[in-house]
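The structure appears below as structure tokens.
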Amino acid sequence: MRTVKDVIRHDRATCSTAGVRGLSMQIIQEMNRLIPGGVLVGIDDLNITGDSASVNFFLQPQAKAALARSIQRQGGTLAINSCFRTVVQQHVLFSWQGSSCVTIAATPGRSNHEDGYAIDTPDFAAWRQALEAEGWDWFGPGDDVHFTYIGGGVRDDIGGIGLKAFQTLWNRHNPTDLIDVDGRYGEETAARLDRSPADGFLVTDGSPTPTPAPTEPAPIIEPSATAPSRILKLVSPPMRGDDVKAVQQLLADEGLLSQAPDALGIDGVYGNATAQAVRIFQLHEGLSVDGQVGPNTLKALQEKALPTPAPQPPPVQPSLPDGSIRRVELQKGDGMGAWQHLRDDVEVLQTTLQNWGVLPDDAPVDGQFGSATEAAVQSFQRLRPADPNRSRFVPTGLAITGVVDRNTWAELLKVHPAAIGMENRTPETAPGIPNGFPDLATLLDKARIPEAIRPFAEQNLPLILAQCLRDGVTNRKQMAYVFATAEHESHFGRFMIELASGDDYENRSDLGNNQPGDGRRFKGRGFVQITGRINYSNWSKRLGIDLIGKPELASRPDIAAQILVQGMRDGSFTGLKLDDFVGNDFVSARKIINGLDRAQQIANIATAYAEALKA
Ligand SMILES: [Zn+2]
């Protein structure tokens, strides 16, 4: 028996899903049982061409009518590579993502090919105008063969029904391995798709289900009686109208949009804020997340507006020992300024918020708890009211504070609050000063450090000292000059990020800034600031971390300490290095960093540290 997995492994070179046609046809038959009356119609009667072994020529009636008008408008034959897809075809294509034949593919159950209102045509350039004129939306360069029908009057739940059809079919043929019929593509369902026979399950008499001939009438034939309404989505110019307003009111009732009739609230315009609110709603309701309001999403929104049904039984709590998950209470400002030590915790938070869909995927995960992170926390808290159906782990609901307390962590991590042990927010004790050196207070007193800088030195000097020892900078005069440089350049970490915007560095070829935004992205960071794409790239290679993808790491004290010490040791900043001066000449040593600006002033600081470092 050839399984779907075999097709995935061996048929990629052909780029064709013809190998799963038998199973596809069984799924369509099963969909017929689940959708009385049917919703898809055959399009073989139109002037189209394509490989009938892999393409199912069905669409929803409104989409078919629009396609017929496009063909009439253009004249000639339209080549179609993909039309209605079954979940098993989508599963195969999804597995082939990133290969030469499939650049991107939606998660099975979520492609609008599975809903029956999308087509792919290799002749997109020639046909684009005629298709767009009749309500077919071109996807764009990311998937240039793809057109979606956006003229309305179609259902968007067919893909989910396809998944249910497969799950039902699997269960009928595998009574000892039953899976949930939930219309979702999870690991369980994906694994069963892999193991299913590509030619279809054997019927009771032992022979495979005969494969219907491609010319056979469409298995799902009658249009749905559902009243057509347009699909609301983000387009330019934006959609407007009372239907948009009604949806916004429902979203506002869910706490996902402001009640105020302004740009971010109920204004009847389907803009970014509305689309983002829809995405969050869809994510929480287990719907396909596309930011569009079709019949399915609309129905779910309307159902939410009805009185709450009887509560579900309490959730099964994961059996985690009390306090086993260690977390810190987080709030705005954390990971920034004096609270840089919380950056890792904030990064975890930001990633979790992205997974919940309340922080946009393109928001930076930078470990800095700013306004965007706070807004995302508040959105999440609004989605967890005092309702045991919606706040499963904290039935009394979350307070909308923007502060990530124990209860908020519990709902974020889907565990009982008792499983979370709250940790102290105060900074970890700085690494100690090793034996053989004066203690920190004495050292800073002797160096006559300015009071404004002292707290930063208390945190970062031991770190830099440890880095010196690790990197073989053991000559105390050299250490003294490293400290003096950190103090002069960044006040020992008080200014880890250049204050200017970085725009002045835009297009600076000497810095390697060759892409838009490089100036800002690669502005100065660190105890001794590095600037520009070239320097960030060089340090990425040397330290084995991705400073191009995450330039903000260069301001993390541990990483900045490596750049400071290794850069001065090796002459990375100007070509001159610590050993060139062997600690004799603090004035000339300035050439390690720069010209001779402020050289005497820094030499005086270094002299004080050199005195202080004498054991
Ligand atoms: Zn497509």
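Every chain in the structure tokens has a letter given in the order shown (A, B, ...), and although residue numbers restart at 1 in each chain, ligands are simply numbered from 1 in the order shown.
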Under the rule of at most 6 Å, produce a per-residue listing of chain A near ligand 1: chain, number, name, the closest pair of atoms, and the distance in Å, as JSON lines, using only C-alpha atoms and all ligand atoms.
```
{"residue": "A:Ile119", "atom": "CA", "partner": "ligand 1", "partner_atom_place_in_ligand_line": "1 (Zn)", "distance": 5.7}
{"residue": "A:Asp120", "atom": "CA", "partner": "ligand 1", "partner_atom_place_in_ligand_line": "1 (Zn)", "distance": 4.7}
{"residue": "A:His146", "atom": "CA", "partner": "ligand 1", "partner_atom_place_in_ligand_line": "1 (Zn)", "distance": 4.0}
```
List the spatial neighbours of region 548-562 of chain A as number ranges by chain - criterion: any atom at most 7 Å away, only C-alpha atoms, same-chain residues fewer than 3 positions off excluded.
A: 366, 464, 467, 496-497, 521-522, 525-527, 536-537, 565-566
Could you take the residues named above and write them with C-alpha atoms, as a PDB file, in the first residue's frame?
```pdb
ATOM      1  CA  ASP A 366      13.897  42.809  22.125  1.00  0.00           C
ATOM      2  CA  ILE A 464      34.101  43.724  32.807  1.00  0.00           C
ATOM      3  CA  GLN A 467      35.747  39.430  31.134  1.00  0.00           C
ATOM      4  CA  MET A 496      24.402  51.784  26.215  1.00  0.00           C
ATOM      5  CA  ILE A 497      22.540  53.029  23.160  1.00  0.00           C
ATOM      6  CA  ARG A 521      19.166  49.525  13.038  1.00  0.00           C
ATOM      7  CA  PHE A 522      22.941  49.597  13.477  1.00  0.00           C
ATOM      8  CA  ARG A 525      25.587  50.326  21.131  1.00  0.00           C
ATOM      9  CA  GLY A 526      27.775  49.037  23.939  1.00  0.00           C
ATOM     10  CA  PHE A 527      30.347  50.184  26.521  1.00  0.00           C
ATOM     11  CA  TYR A 536      27.783  44.387  13.677  1.00  0.00           C
ATOM     12  CA  SER A 537      28.518  41.726  11.087  1.00  0.00           C
ATOM     13  CA  VAL A 565      37.613  43.804  26.192  1.00  0.00           C
ATOM     14  CA  GLN A 566      38.325  41.754  23.071  1.00  0.00           C
TER      15      GLN A 566
END
```
Nearest residue to His488 (chain A) out of A:Pro238, A:Ala126, A:Val528, A:Gly98, using only C-alpha atoms?
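Selected residue with least distance to His488 (chain A): A:Val528.
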Would you please give, as a PyMOL selection string, all residues of region 328-549 of chain A that DSSP assigns to helix (DSSP H, G or I) based on the backbone?
chain A and resi 337-355+371-382+406-413+417-419+440-446+454-470+476-493+503-505+509-511+518-521+533-543
Atom-to-atom span, CA of Ala246 (chain A) and CA of Asp267 (chain A), Å:
9.9 Å
Do a neighbour search on Asp445 (chain A) at 12 Å with only C-alpha atoms, toss out local chain neighbours closer than 2 positions, and write the hits as a list in words.
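Residues near the query, excluding close chain neighbours: Pro438, Asp439, Leu440, Ala441, Thr442, Leu443, Ala447, Arg448, Ile449, Pro450, Glu451, Arg454, Ala457, Glu458, Ala608, Tyr609, Glu611, Ala612 and Leu613 of chain A.
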